[in-house]
>>> print(open('data_1.cif').read())   # mmCIF, C-alpha atoms and all ligand atoms
data_coords
#
loop_
_atom_site.label_atom_id
_atom_site.label_comp_id
_atom_site.auth_asym_id
_atom_site.auth_seq_id
_atom_site.Cartn_x
_atom_site.Cartn_y
_atom_site.Cartn_z
CA MET A 28 95.00 105.42 144.25
CA LEU A 29 91.60 107.05 143.92
CA ARG A 30 91.72 110.79 144.75
CA PHE A 31 88.97 113.34 144.47
CA GLU A 32 88.45 117.03 144.93
CA THR A 33 85.55 119.44 144.57
CA ALA A 34 85.43 123.19 143.92
CA GLY A 35 82.64 125.68 143.52
CA GLU A 36 80.40 127.92 145.59
CA SER A 37 76.68 127.88 146.22
CA HIS A 38 75.88 130.82 143.91
CA GLY A 39 78.95 130.66 141.68
CA GLU A 40 78.83 129.85 137.99
CA CYS A 41 79.20 126.08 138.43
CA LEU A 42 80.51 123.29 140.63
CA ALA A 43 83.62 121.43 139.55
CA ALA A 44 85.01 118.06 140.58
CA THR A 45 87.87 115.77 139.67
CA LEU A 46 88.40 112.06 140.23
CA THR A 47 91.83 110.62 139.56
CA GLY A 48 92.81 106.95 139.60
CA LEU A 49 89.85 105.05 138.14
CA PRO A 50 91.13 102.30 135.83
CA ALA A 51 90.49 102.55 132.08
CA GLY A 52 87.62 100.67 130.48
CA ILE A 53 84.79 101.28 132.96
CA PRO A 54 81.52 101.94 131.11
CA VAL A 55 80.16 105.37 132.15
CA SER A 56 76.63 106.70 131.59
CA SER A 57 75.94 110.43 132.02
CA GLU A 58 72.29 109.47 132.41
CA TYR A 59 73.11 107.37 135.49
CA LEU A 60 75.13 110.24 136.98
CA ASP A 61 72.24 112.66 136.33
CA ARG A 62 69.83 110.25 138.00
CA GLN A 63 71.99 110.33 141.17
CA LEU A 64 72.01 114.15 141.05
CA TRP A 65 68.22 114.09 140.70
CA ARG A 66 67.95 111.79 143.74
CA ARG A 67 70.02 114.28 145.77
CA GLN A 68 67.57 117.05 144.92
CA GLN A 69 64.48 115.17 146.12
CA GLY A 70 62.62 114.82 149.41
CA TYR A 71 59.76 116.46 151.22
CA GLY A 72 61.05 119.52 153.07
CA ARG A 73 63.43 120.94 150.47
CA GLY A 74 63.49 124.72 149.89
CA GLY A 75 63.07 126.93 146.82
CA ARG A 76 66.62 126.43 145.53
CA MET A 77 65.89 122.88 144.42
CA LYS A 78 63.07 124.24 142.23
CA ILE A 79 65.55 126.46 140.38
CA GLU A 80 68.23 123.83 139.79
CA THR A 81 67.99 120.81 137.48
CA ASP A 82 71.42 119.36 137.99
CA ARG A 83 73.18 117.77 135.02
CA VAL A 84 76.78 116.59 134.69
CA HIS A 85 79.02 117.97 132.01
CA ILE A 86 81.98 115.58 131.79
CA ILE A 87 84.93 117.38 130.23
CA SER A 88 87.74 114.82 130.53
CA GLY A 89 88.63 111.25 131.39
CA VAL A 90 85.69 109.62 129.59
CA ARG A 91 85.60 108.96 125.83
CA HIS A 92 83.02 106.90 123.93
CA SER A 93 81.25 106.20 127.26
CA GLN A 94 84.32 104.59 128.88
CA THR A 95 86.92 105.78 131.35
CA ILE A 96 90.35 106.18 129.76
CA GLY A 97 92.45 106.23 132.94
CA SER A 98 93.10 109.98 132.94
CA PRO A 99 91.58 112.32 135.56
CA ILE A 100 87.83 112.73 135.16
CA ALA A 101 86.71 116.35 135.40
CA ILE A 102 83.05 117.29 135.79
CA LEU A 103 81.22 120.62 135.71
CA ILE A 104 77.68 121.15 137.00
CA GLU A 105 76.00 124.44 136.19
CA ASN A 106 74.35 126.56 138.90
CA LYS A 107 71.22 127.94 137.21
CA ASP A 108 70.92 130.45 140.10
CA TRP A 109 74.20 132.07 138.93
CA LYS A 110 72.29 134.40 136.60
CA ASN A 111 70.70 135.95 139.72
CA TRP A 112 74.07 136.29 141.46
CA SER A 113 76.62 137.15 138.78
CA ALA A 114 76.42 140.86 139.62
CA THR A 115 76.69 140.12 143.35
CA LEU A 116 79.62 137.72 143.18
CA PRO A 117 81.64 138.67 140.06
CA VAL A 118 85.03 137.07 139.57
CA ASP A 119 86.66 140.27 138.32
CA SER A 120 86.17 143.41 140.33
CA LYS A 121 84.93 146.36 138.27
CA ASP A 122 86.22 149.56 139.83
CA GLY A 123 83.58 151.67 141.47
CA GLU A 124 80.78 149.11 141.16
CA THR A 125 79.08 148.79 144.53
CA GLY A 126 75.67 148.24 146.02
CA LYS A 127 74.96 144.76 144.69
CA GLU A 128 76.75 142.80 147.43
CA LYS A 129 74.58 140.70 149.70
CA PRO A 130 76.59 140.78 152.92
CA VAL A 131 75.73 138.45 155.80
CA HIS A 132 76.29 140.62 158.87
CA ARG A 133 74.26 138.58 161.34
CA PRO A 134 75.92 135.14 161.49
CA ARG A 135 73.57 132.17 161.77
CA PRO A 136 74.11 129.88 164.78
CA GLY A 137 74.99 126.35 163.64
CA HIS A 138 76.62 127.56 160.41
CA ALA A 139 80.25 128.18 159.52
CA ASP A 140 79.37 131.93 159.29
CA LEU A 141 81.03 133.34 162.41
CA ALA A 142 83.90 130.86 162.83
CA GLY A 143 84.74 131.20 159.11
CA ALA A 144 84.56 135.02 159.07
CA ILE A 145 86.91 135.20 162.08
CA LYS A 146 89.30 132.61 160.60
CA TYR A 147 89.52 134.17 157.12
CA ASN A 148 89.37 137.71 158.48
CA PHE A 149 86.28 138.73 156.48
CA PRO A 150 84.09 141.58 157.84
CA GLU A 151 80.97 139.52 157.07
CA ALA A 152 80.13 135.90 156.21
CA ARG A 153 79.02 135.89 152.53
CA TYR A 154 82.14 134.16 151.14
CA VAL A 155 82.13 131.64 153.99
CA LEU A 156 78.56 130.51 153.52
CA GLU A 157 79.02 130.31 149.76
CA ARG A 158 81.50 127.46 150.20
CA ALA A 159 80.19 125.91 153.46
CA SER A 160 76.80 125.36 151.81
CA ALA A 161 75.75 121.79 151.05
CA ARG A 162 75.41 122.76 147.39
CA GLU A 163 79.00 121.46 147.26
CA THR A 164 77.67 117.93 147.82
CA THR A 165 76.24 117.95 144.28
CA ALA A 166 79.84 117.53 143.10
CA ARG A 167 80.43 114.72 145.60
CA VAL A 168 77.33 112.89 144.36
CA ALA A 169 78.55 113.12 140.75
CA LEU A 170 81.93 111.63 141.74
CA GLY A 171 80.24 109.07 143.98
CA ALA A 172 78.16 107.95 141.00
CA LEU A 173 81.41 107.22 139.14
CA ALA A 174 82.67 105.25 142.15
CA LYS A 175 79.37 103.34 142.25
CA THR A 176 79.71 102.57 138.55
CA PHE A 177 83.17 101.13 139.24
CA LEU A 178 81.98 99.09 142.26
CA ARG A 179 79.09 97.64 140.25
CA GLU A 180 81.63 95.94 137.98
CA PHE A 181 82.47 93.84 141.06
CA GLY A 182 78.87 93.20 142.10
CA ILE A 183 78.89 95.87 144.83
CA GLU A 184 75.83 98.15 145.17
CA VAL A 185 75.60 101.14 147.55
CA LEU A 186 72.17 102.56 148.48
CA SER A 187 70.50 104.36 151.38
CA HIS A 188 67.20 104.78 153.18
CA VAL A 189 65.84 106.98 155.94
CA ILE A 190 65.31 105.47 159.36
CA ARG A 191 64.38 108.58 161.36
CA VAL A 192 62.98 112.07 160.84
CA GLY A 193 62.84 114.06 164.07
CA PRO A 194 61.00 111.95 166.65
CA VAL A 195 59.61 109.42 164.12
CA ARG A 196 61.60 106.23 163.48
CA LEU A 197 61.36 103.17 161.31
CA GLU A 198 60.72 100.46 163.89
CA ARG A 199 61.71 97.44 161.79
CA ALA A 200 64.65 96.22 159.75
CA ALA A 201 64.63 97.14 156.05
CA GLU A 202 65.17 94.36 153.49
CA TRP A 203 67.75 94.98 150.75
CA GLU A 204 65.07 94.49 148.04
CA GLU A 205 62.97 97.26 149.64
CA ILE A 206 65.93 99.65 149.59
CA VAL A 207 66.54 98.84 145.90
CA ALA A 208 62.85 99.48 145.09
CA LEU A 209 63.04 102.80 146.97
CA SER A 210 66.00 103.94 144.85
CA GLU A 211 64.01 103.24 141.66
CA ARG A 212 61.02 105.40 142.60
CA ASP A 213 60.31 108.47 140.49
CA GLU A 214 58.74 110.29 143.41
CA VAL A 215 60.57 110.67 146.69
CA LEU A 216 58.76 111.63 149.86
CA LEU A 217 61.05 110.88 152.80
CA GLY A 218 62.99 107.87 151.55
CA CYS A 219 61.60 105.39 154.06
CA VAL A 220 60.78 101.78 153.10
CA ASP A 221 57.67 101.70 155.34
CA ALA A 222 54.67 103.71 154.07
CA GLU A 223 53.15 104.24 157.52
CA ALA A 224 56.44 105.38 159.09
CA GLU A 225 56.98 107.69 156.08
CA ARG A 226 53.52 109.21 156.56
CA ARG A 227 54.38 110.01 160.20
CA MET A 228 57.77 111.40 159.12
CA LYS A 229 55.91 113.75 156.78
CA GLU A 230 53.81 114.94 159.72
CA ALA A 231 57.04 115.77 161.59
CA VAL A 232 58.20 117.89 158.61
CA ASP A 233 54.76 119.55 158.37
CA TYR A 234 55.01 120.48 162.04
CA ALA A 235 58.41 122.07 161.40
CA TYR A 236 56.94 124.03 158.43
CA ARG A 237 54.00 125.26 160.52
CA THR A 238 56.17 126.42 163.41
CA GLY A 239 58.99 128.04 161.40
CA ASP A 240 61.33 125.30 162.63
CA THR A 241 63.50 122.60 161.01
CA VAL A 242 64.01 118.90 161.66
CA GLY A 243 66.91 116.42 161.43
CA GLY A 244 67.06 112.63 161.30
CA VAL A 245 69.06 109.52 160.55
CA PHE A 246 69.88 107.82 157.22
CA GLU A 247 71.44 104.42 156.72
CA VAL A 248 73.81 103.59 153.87
CA VAL A 249 73.99 99.90 152.92
CA ALA A 250 76.81 98.49 150.78
CA HIS A 251 75.77 95.11 149.40
CA GLY A 252 78.04 92.49 147.83
CA VAL A 253 81.29 93.74 149.41
CA PRO A 254 83.92 90.97 149.61
CA ALA A 255 85.64 90.13 152.90
CA GLY A 256 89.08 91.70 153.19
CA LEU A 257 88.87 95.42 152.30
CA GLY A 258 90.58 97.74 154.80
CA SER A 259 93.01 96.53 157.43
CA HIS A 260 93.48 96.21 161.18
CA ILE A 261 97.19 97.00 160.96
CA ALA A 262 97.14 100.78 161.50
CA TRP A 263 94.71 103.47 162.66
CA ASP A 264 94.41 104.99 159.22
CA THR A 265 93.93 101.74 157.31
CA ARG A 266 90.88 100.74 159.37
CA LEU A 267 87.92 101.03 157.02
CA ASP A 268 85.42 101.77 159.82
CA GLY A 269 87.39 104.91 160.72
CA ARG A 270 87.64 106.00 157.09
CA LEU A 271 83.90 105.54 156.54
CA ALA A 272 83.13 107.45 159.72
CA GLN A 273 85.18 110.42 158.56
CA ALA A 274 83.55 110.35 155.13
CA ILE A 275 80.05 110.40 156.63
CA VAL A 276 80.73 113.09 159.26
CA SER A 277 82.28 115.29 156.55
CA ILE A 278 78.76 115.76 155.14
CA GLN A 279 77.28 119.14 156.10
CA ALA A 280 74.96 118.88 159.15
CA VAL A 281 75.93 115.26 159.94
CA LYS A 282 77.02 115.27 163.57
CA GLY A 283 77.25 111.57 164.34
CA VAL A 284 77.92 108.23 162.72
CA GLU A 285 77.07 104.68 163.68
CA ILE A 286 78.49 101.49 162.22
CA GLY A 287 76.16 98.52 162.58
CA ALA A 288 74.14 98.53 165.78
CA ALA A 289 76.68 100.63 167.72
CA GLU A 290 74.25 102.60 169.85
CA GLU A 291 72.21 99.55 170.83
CA GLY A 292 75.40 97.56 171.44
CA SER A 293 76.81 100.17 173.79
CA CYS A 294 73.97 99.57 176.23
CA SER A 295 73.79 95.75 175.88
CA TYR A 296 75.96 92.85 177.09
CA GLY A 297 78.62 91.32 174.84
CA SER A 298 76.81 87.99 174.48
CA ALA A 299 73.89 89.83 172.85
CA VAL A 300 76.01 91.96 170.52
CA GLN A 301 78.68 89.94 168.63
CA ASP A 302 77.76 88.10 165.42
CA THR A 303 78.26 84.34 165.95
CA ILE A 304 80.41 82.44 163.40
CA HIS A 305 79.16 79.30 161.59
CA TYR A 306 80.49 77.11 158.79
CA ASP A 307 78.54 75.32 156.09
CA LYS A 308 80.73 72.27 155.28
CA PRO A 309 79.05 71.18 151.99
CA GLN A 310 79.14 74.78 150.65
CA ARG A 311 82.58 75.41 152.26
CA GLU A 312 81.42 78.84 153.43
CA PHE A 313 81.47 80.84 156.65
CA HIS A 314 78.32 82.66 157.65
CA ARG A 315 77.09 84.72 160.60
CA GLY A 316 74.15 84.53 162.96
CA SER A 317 73.46 88.28 162.59
CA ASN A 318 75.01 91.50 161.28
CA ARG A 319 75.24 93.80 164.27
CA ALA A 320 78.85 94.68 163.42
CA GLY A 321 77.65 96.32 160.20
CA GLY A 322 79.97 94.28 158.00
CA LEU A 323 83.23 95.41 159.61
CA GLU A 324 85.43 93.71 162.21
CA GLY A 325 88.87 95.04 163.11
CA GLY A 326 88.46 97.67 160.41
CA ILE A 327 88.20 94.90 157.76
CA THR A 328 85.09 94.04 155.72
CA ASN A 329 83.82 90.60 156.73
CA GLY A 330 81.64 89.85 153.69
CA GLN A 331 78.36 90.96 155.26
CA ASP A 332 76.51 94.11 154.17
CA ILE A 333 78.20 97.30 155.36
CA LEU A 334 75.76 99.36 157.42
CA VAL A 335 76.66 102.99 158.19
CA ARG A 336 74.28 105.51 159.67
CA GLY A 337 74.56 109.30 159.60
CA PHE A 338 72.89 111.47 162.24
CA LEU A 339 71.79 114.87 160.95
CA LYS A 340 71.13 117.82 163.16
CA PRO A 341 68.12 119.94 162.19
CA ILE A 342 68.92 122.55 159.50
CA SER A 343 70.44 125.64 161.11
CA THR A 344 68.70 128.42 159.14
CA LEU A 345 65.35 129.14 160.81
CA ARG A 346 62.42 131.24 159.62
CA ARG A 347 62.14 132.22 163.30
CA PRO A 348 65.79 133.26 163.60
CA LEU A 349 67.86 132.68 166.74
CA GLU A 350 69.82 135.29 168.66
CA SER A 351 73.03 136.49 167.09
CA VAL A 352 75.16 139.63 166.88
CA ASP A 353 75.35 142.30 164.18
CA LEU A 354 79.01 142.22 163.13
CA PRO A 355 79.49 145.94 162.26
CA THR A 356 77.91 147.24 165.50
CA ARG A 357 78.34 144.17 167.78
CA ASP A 358 74.77 144.79 168.99
CA PRO A 359 72.39 141.89 169.63
CA ALA A 360 70.43 141.00 166.47
CA LEU A 361 68.41 138.15 165.05
CA ALA A 362 70.36 135.84 162.72
CA ALA A 363 70.16 136.35 158.96
CA TYR A 364 67.61 134.32 157.02
CA GLU A 365 68.37 133.04 153.55
CA ARG A 366 66.02 130.72 151.62
CA SER A 367 66.45 127.34 153.20
CA ASP A 368 65.47 123.68 153.44
CA VAL A 369 63.37 122.43 156.37
CA ALA A 370 64.37 118.73 156.18
CA VAL A 371 67.04 117.03 154.04
CA VAL A 372 67.41 113.47 155.40
CA PRO A 373 66.80 111.53 152.11
CA ALA A 374 69.18 113.85 150.23
CA ALA A 375 71.82 113.40 152.92
CA GLY A 376 71.41 109.63 152.46
CA VAL A 377 72.20 109.98 148.75
CA ILE A 378 75.30 112.02 149.65
CA GLY A 379 76.18 109.32 152.20
CA GLU A 380 75.99 106.71 149.42
CA ALA A 381 78.43 108.78 147.36
CA MET A 382 80.91 109.10 150.23
CA VAL A 383 80.73 105.39 151.10
CA ALA A 384 81.17 104.47 147.42
CA LEU A 385 84.24 106.71 147.11
CA VAL A 386 85.83 105.19 150.24
CA LEU A 387 85.03 101.64 149.11
CA GLY A 388 86.35 102.44 145.63
CA GLN A 389 89.61 103.60 147.23
CA ALA A 390 89.81 100.46 149.39
CA LEU A 391 89.09 98.19 146.43
CA LEU A 392 91.81 99.80 144.33
CA GLU A 393 94.28 99.69 147.23
CA LYS A 394 93.77 95.93 147.43
CA PHE A 395 93.48 95.02 143.75
CA GLY A 396 95.13 97.90 141.86
CA GLY A 397 95.11 97.89 138.06
CA ASP A 398 95.35 100.47 135.28
CA SER A 399 92.59 98.82 133.27
CA LEU A 400 89.34 97.25 134.41
CA GLY A 401 90.53 93.90 133.06
CA GLU A 402 93.68 94.02 135.20
CA THR A 403 91.71 94.96 138.33
CA ARG A 404 89.24 92.15 137.60
CA ARG A 405 92.01 89.55 137.21
CA ASN A 406 93.46 90.56 140.57
CA TYR A 407 90.01 90.56 142.14
CA ASP A 408 89.08 87.15 140.69
CA GLY A 409 92.37 85.64 141.90
CA TYR A 410 91.70 86.88 145.41
CA ILE A 411 88.08 85.65 145.38
CA ALA A 412 89.33 82.20 144.29
CA GLN A 413 91.80 82.27 147.21
CA VAL A 414 89.00 83.19 149.66
CA LYS A 415 86.80 80.39 148.29
CA SER A 416 89.51 77.81 148.83
CA TYR A 417 90.39 79.06 152.34
C1 LIG B 501 71.49 118.10 151.47
C2 LIG B 501 71.73 119.20 152.47
C3 LIG B 501 71.05 120.40 152.31
C4 LIG B 501 71.21 121.42 153.24
N1 LIG B 501 70.49 122.57 153.09
C5 LIG B 501 70.59 123.53 154.03
C6 LIG B 501 69.78 124.71 153.95
O1 LIG B 501 68.97 124.88 153.02
N2 LIG B 501 69.91 125.63 154.93
C7 LIG B 501 70.76 125.47 155.99
O2 LIG B 501 70.81 126.32 156.85
N3 LIG B 501 71.55 124.37 156.09
C8 LIG B 501 71.49 123.41 155.14
N4 LIG B 501 72.27 122.30 155.25
C9 LIG B 501 73.21 122.17 156.37
C10 LIG B 501 74.37 123.16 156.31
O3 LIG B 501 75.05 123.06 155.06
C11 LIG B 501 75.35 122.89 157.46
O4 LIG B 501 74.66 122.80 158.67
C12 LIG B 501 76.34 124.03 157.56
O5 LIG B 501 77.15 124.07 156.41
C13 LIG B 501 77.25 123.94 158.80
O6 LIG B 501 77.95 122.76 158.82
P1 LIG B 501 77.81 121.73 160.02
O7 LIG B 501 76.35 121.67 160.36
O8 LIG B 501 78.30 120.43 159.47
O9 LIG B 501 78.63 122.22 161.16
C14 LIG B 501 72.11 121.25 154.34
C15 LIG B 501 72.81 120.04 154.48
C16 LIG B 501 72.62 119.02 153.56
C17 LIG B 501 73.35 117.73 153.75
#
>>> encode(input="data_1.cif", output="structure tokens")
Amino acid sequence: MLRFETAGESHGECLAATLTGLPAGIPVSSEYLDRQLWRRQQGYGRGGRMKIETDRVHIISGVRHSQTIGSPIAILIENKDWKNWSATLPVDSKDGETGKEKPVHRPRPGHADLAGAIKYNFPEARYVLERASARETTARVALGALAKTFLREFGIEVLSHVIRVGPVRLERAAEWEEIVALSERDEVLLGCVDAEAERRMKEAVDYAYRTGDTVGGVFEVVAHGVPAGLGSHIAWDTRLDGRLAQAIVSIQAVKGVEIGAAEEGSCSYGSAVQDTIHYDKPQREFHRGSNRAGGLEGGITNGQDILVRGFLKPISTLRRPLESVDLPTRDPALAAYERSDVAVVPAAGVIGEAMVALVLGQALLEKFGGDSLGETRRNYDGYIAQVKSY
């Protein structure tokens, strides 16, 4: 089974991640992984931190001669900002050395600051925010890129695009080819397939900049080429829709998830929502009249594109800080401000891709297994032949 874990703090020396369970023999390119890390760093509205960091993977195990070897893959990603923080957050305590700490005494509403400080019994929130920060998602994107590499061997591609920034939405459906072209761009504005909608999205971010505010939005992850039959209806925790929902909501600042046209469906009648079933006798193939279910029925993939949307709240750290409390005195105080992004929707989409790829990679291995890519492929091909002759 595919398992993954991340470690590392926002201003620590590096991020670390492990992925265990990928079969041997999958071609791996560090360049492709770095490209995904680059995509996570882009987007209009990012803060100063992204100018400091140029994220690169350092693979230390599990890949030899550009192929997986079946053993756990371990990755390190350096935090360039560490040199500015090594005196503030040293691993070993040097007796008597004080004065370099950067305590966070005025917890920021919408962050883990206060809840985390209370839970871990810290007098202030520095250690909490170091781990709660979305810097951690750099490690997820690196692992997700490995999962994407694996899925590609089976013709499955996972990409994302932005469909809303604040009040501005993309008012039309995006074609798969447009989403692919978007992912190949070397300049990322707001990750929207429609130039006019993207221009208005930029205006929404500019408004947030001007007013010391922040803005959220919605991204859509599309998984293309997924065979029917991943996930299962048989138990609550085998349903793939539930597993994808958890993966998406686990992303920092994502507060809602939608599979297919869930929101629109909830205020329509059933006859307008379900995807009709048709059969092409000469081709011996089922097909659907639409894809409002987002590629999942009964928690099982149905062969259509998987469509999962993540709803991001606006970034919590504000240049015009909200009311909070000073922890040492318990007096009213304005929340702390630490260098921050204003809008992160395209980056969150790239993280969403990583999470969807990891969940699909797990589901694919659950169904087809295999210690080597060849073994997984034989199992996969046998199943596809069975589906074709159904
Ligand atoms: C790509 C990305 C970048 C983020 N950057 C910031 C940031 O610069 N400042 C900030 O206050 N929150 C940022 N966030 C959101 C916080 O990490 C998140 O709101 C916080 O950890 C609390 O978690 P919650 O909102 O999920 O409850 C970012 C989120 C993502 C996905």
>>> closest_residue(input="data_1.cif", among="A:Glu40, A:Asp221, A:Asp368, A:Asp140", to="ligand LIG 501 (chain B)", atoms="all atoms listed in the file")
A:Asp368
>>> closest_residue(input="data_1.cif", among="A:Leu42, A:Leu391, A:Leu323, A:Val168", to="ligand LIG 501 (chain B)", atoms="all atoms listed in the file")
A:Val168
>>> residues_around(input="data_1.cif", residues="Glu205 in chain A", least_positions_apart="5", cutoff="10 Å", atoms="only C-alpha atoms", output="list in words")
His188, Ser210, Cys219, Val220 and Asp221 of chain A
>>> write_last_selection(input="data_1.cif", atoms="C-alpha atoms", output="CSV table (one decimal), keeping the file's coordinate frame")
chain,number,residue,atom,x,y,z
A,188,HIS,CA,67.2,104.8,153.2
A,210,SER,CA,66.0,103.9,144.8
A,219,CYS,CA,61.6,105.4,154.1
A,220,VAL,CA,60.8,101.8,153.1
A,221,ASP,CA,57.7,101.7,155.3
>>> atom_distance(input="data_1.cif", atom1="CA of Cys41 in chain A", atom2="CA of Gly218 in chain A")
27.7 Å
>>> residues_around(input="data_1.cif", residues="range 57-59 of chain A", least_positions_apart="6", cutoff="10 Å", atoms="only C-alpha atoms", output="compact mmCIF listing (two decimals) with C-alpha atoms, in the coordinates of the input")
# COMPACT_ATOMS: atom_id res chain seq x y z
CA TRP A 65 68.22 114.09 140.70
CA ARG A 83 73.18 117.77 135.02
CA VAL A 84 76.78 116.59 134.69
CA HIS A 85 79.02 117.97 132.01
CA ILE A 86 81.98 115.58 131.79
CA SER A 93 81.25 106.20 127.26
CA ALA A 169 78.55 113.12 140.75
CA ALA A 172 78.16 107.95 141.00
CA LEU A 173 81.41 107.22 139.14
CA THR A 176 79.71 102.57 138.55
>>> closest_atom_pairs(input="data_1.cif", of="chain A", to="ligand LIG 501 (chain B)", cutoff="10 Å", atoms="only C-alpha atoms and all ligand atoms", output="JSON lines")
{"residue": "A:Arg67", "atom": "CA", "partner": "B:LIG501", "partner_atom": "C1", "distance": 7.0}
{"residue": "A:Gln68", "atom": "CA", "partner": "B:LIG501", "partner_atom": "C1", "distance": 7.7}
{"residue": "A:Gln69", "atom": "CA", "partner": "B:LIG501", "partner_atom": "C1", "distance": 9.3}
{"residue": "A:Gly70", "atom": "CA", "partner": "B:LIG501", "partner_atom": "C1", "distance": 9.7}
{"residue": "A:Gly72", "atom": "CA", "partner": "B:LIG501", "partner_atom": "O1", "distance": 9.6}
{"residue": "A:Arg73", "atom": "CA", "partner": "B:LIG501", "partner_atom": "O1", "distance": 7.3}
{"residue": "A:Gly74", "atom": "CA", "partner": "B:LIG501", "partner_atom": "O1", "distance": 6.3}
{"residue": "A:Gly75", "atom": "CA", "partner": "B:LIG501", "partner_atom": "O1", "distance": 8.8}
{"residue": "A:Arg76", "atom": "CA", "partner": "B:LIG501", "partner_atom": "O1", "distance": 8.0}
{"residue": "A:Met77", "atom": "CA", "partner": "B:LIG501", "partner_atom": "O1", "distance": 9.4}
{"residue": "A:Arg135", "atom": "CA", "partner": "B:LIG501", "partner_atom": "O2", "distance": 8.1}
{"residue": "A:Pro136", "atom": "CA", "partner": "B:LIG501", "partner_atom": "C13", "distance": 9.0}
{"residue": "A:Gly137", "atom": "CA", "partner": "B:LIG501", "partner_atom": "C13", "distance": 5.9}
{"residue": "A:His138", "atom": "CA", "partner": "B:LIG501", "partner_atom": "C13", "distance": 4.0}
{"residue": "A:Ala139", "atom": "CA", "partner": "B:LIG501", "partner_atom": "C13", "distance": 5.2}
{"residue": "A:Asp140", "atom": "CA", "partner": "B:LIG501", "partner_atom": "C13", "distance": 8.3}
{"residue": "A:Val155", "atom": "CA", "partner": "B:LIG501", "partner_atom": "O5", "distance": 9.4}
{"residue": "A:Leu156", "atom": "CA", "partner": "B:LIG501", "partner_atom": "O5", "distance": 7.2}
{"residue": "A:Glu157", "atom": "CA", "partner": "B:LIG501", "partner_atom": "O5", "distance": 9.3}
{"residue": "A:Arg158", "atom": "CA", "partner": "B:LIG501", "partner_atom": "O5", "distance": 8.3}
{"residue": "A:Ala159", "atom": "CA", "partner": "B:LIG501", "partner_atom": "O5", "distance": 4.6}
{"residue": "A:Ser160", "atom": "CA", "partner": "B:LIG501", "partner_atom": "O3", "distance": 4.3}
{"residue": "A:Ala161", "atom": "CA", "partner": "B:LIG501", "partner_atom": "O3", "distance": 4.3}
{"residue": "A:Arg162", "atom": "CA", "partner": "B:LIG501", "partner_atom": "C3", "distance": 7.0}
{"residue": "A:Glu163", "atom": "CA", "partner": "B:LIG501", "partner_atom": "O3", "distance": 8.9}
{"residue": "A:Thr164", "atom": "CA", "partner": "B:LIG501", "partner_atom": "C1", "distance": 7.2}
{"residue": "A:Thr165", "atom": "CA", "partner": "B:LIG501", "partner_atom": "C1", "distance": 8.6}
{"residue": "A:Thr241", "atom": "CA", "partner": "B:LIG501", "partner_atom": "O2", "distance": 9.2}
{"residue": "A:Gly243", "atom": "CA", "partner": "B:LIG501", "partner_atom": "C15", "distance": 9.8}
{"residue": "A:Val276", "atom": "CA", "partner": "B:LIG501", "partner_atom": "O8", "distance": 7.7}
{"residue": "A:Ser277", "atom": "CA", "partner": "B:LIG501", "partner_atom": "O8", "distance": 7.1}
{"residue": "A:Ile278", "atom": "CA", "partner": "B:LIG501", "partner_atom": "C17", "distance": 5.9}
{"residue": "A:Gln279", "atom": "CA", "partner": "B:LIG501", "partner_atom": "O8", "distance": 3.7}
{"residue": "A:Ala280", "atom": "CA", "partner": "B:LIG501", "partner_atom": "O7", "distance": 3.3}
{"residue": "A:Val281", "atom": "CA", "partner": "B:LIG501", "partner_atom": "O8", "distance": 5.7}
{"residue": "A:Lys282", "atom": "CA", "partner": "B:LIG501", "partner_atom": "O8", "distance": 6.7}
{"residue": "A:Leu339", "atom": "CA", "partner": "B:LIG501", "partner_atom": "C17", "distance": 7.9}
{"residue": "A:Lys340", "atom": "CA", "partner": "B:LIG501", "partner_atom": "O7", "distance": 7.1}
{"residue": "A:Pro341", "atom": "CA", "partner": "B:LIG501", "partner_atom": "O4", "distance": 8.0}
{"residue": "A:Ile342", "atom": "CA", "partner": "B:LIG501", "partner_atom": "N3", "distance": 4.7}
{"residue": "A:Ser343", "atom": "CA", "partner": "B:LIG501", "partner_atom": "O2", "distance": 4.3}
{"residue": "A:Thr344", "atom": "CA", "partner": "B:LIG501", "partner_atom": "O2", "distance": 3.8}
{"residue": "A:Leu345", "atom": "CA", "partner": "B:LIG501", "partner_atom": "O2", "distance": 7.3}
{"residue": "A:Tyr364", "atom": "CA", "partner": "B:LIG501", "partner_atom": "O2", "distance": 8.6}
{"residue": "A:Glu365", "atom": "CA", "partner": "B:LIG501", "partner_atom": "N2", "distance": 7.7}
{"residue": "A:Arg366", "atom": "CA", "partner": "B:LIG501", "partner_atom": "O1", "distance": 6.7}
{"residue": "A:Ser367", "atom": "CA", "partner": "B:LIG501", "partner_atom": "O1", "distance": 3.5}
{"residue": "A:Asp368", "atom": "CA", "partner": "B:LIG501", "partner_atom": "O1", "distance": 3.7}
{"residue": "A:Val369", "atom": "CA", "partner": "B:LIG501", "partner_atom": "O1", "distance": 7.0}
{"residue": "A:Ala370", "atom": "CA", "partner": "B:LIG501", "partner_atom": "N1", "distance": 7.9}
{"residue": "A:Val371", "atom": "CA", "partner": "B:LIG501", "partner_atom": "C1", "distance": 5.2}
{"residue": "A:Val372", "atom": "CA", "partner": "B:LIG501", "partner_atom": "C1", "distance": 7.3}
{"residue": "A:Pro373", "atom": "CA", "partner": "B:LIG501", "partner_atom": "C1", "distance": 8.1}
{"residue": "A:Ala374", "atom": "CA", "partner": "B:LIG501", "partner_atom": "C1", "distance": 5.0}
{"residue": "A:Ala375", "atom": "CA", "partner": "B:LIG501", "partner_atom": "C17", "distance": 4.7}
{"residue": "A:Gly376", "atom": "CA", "partner": "B:LIG501", "partner_atom": "C17", "distance": 8.4}
{"residue": "A:Val377", "atom": "CA", "partner": "B:LIG501", "partner_atom": "C1", "distance": 8.6}
{"residue": "A:Ile378", "atom": "CA", "partner": "B:LIG501", "partner_atom": "C17", "distance": 7.3}
{"residue": "A:Gly379", "atom": "CA", "partner": "B:LIG501", "partner_atom": "C17", "distance": 9.0}
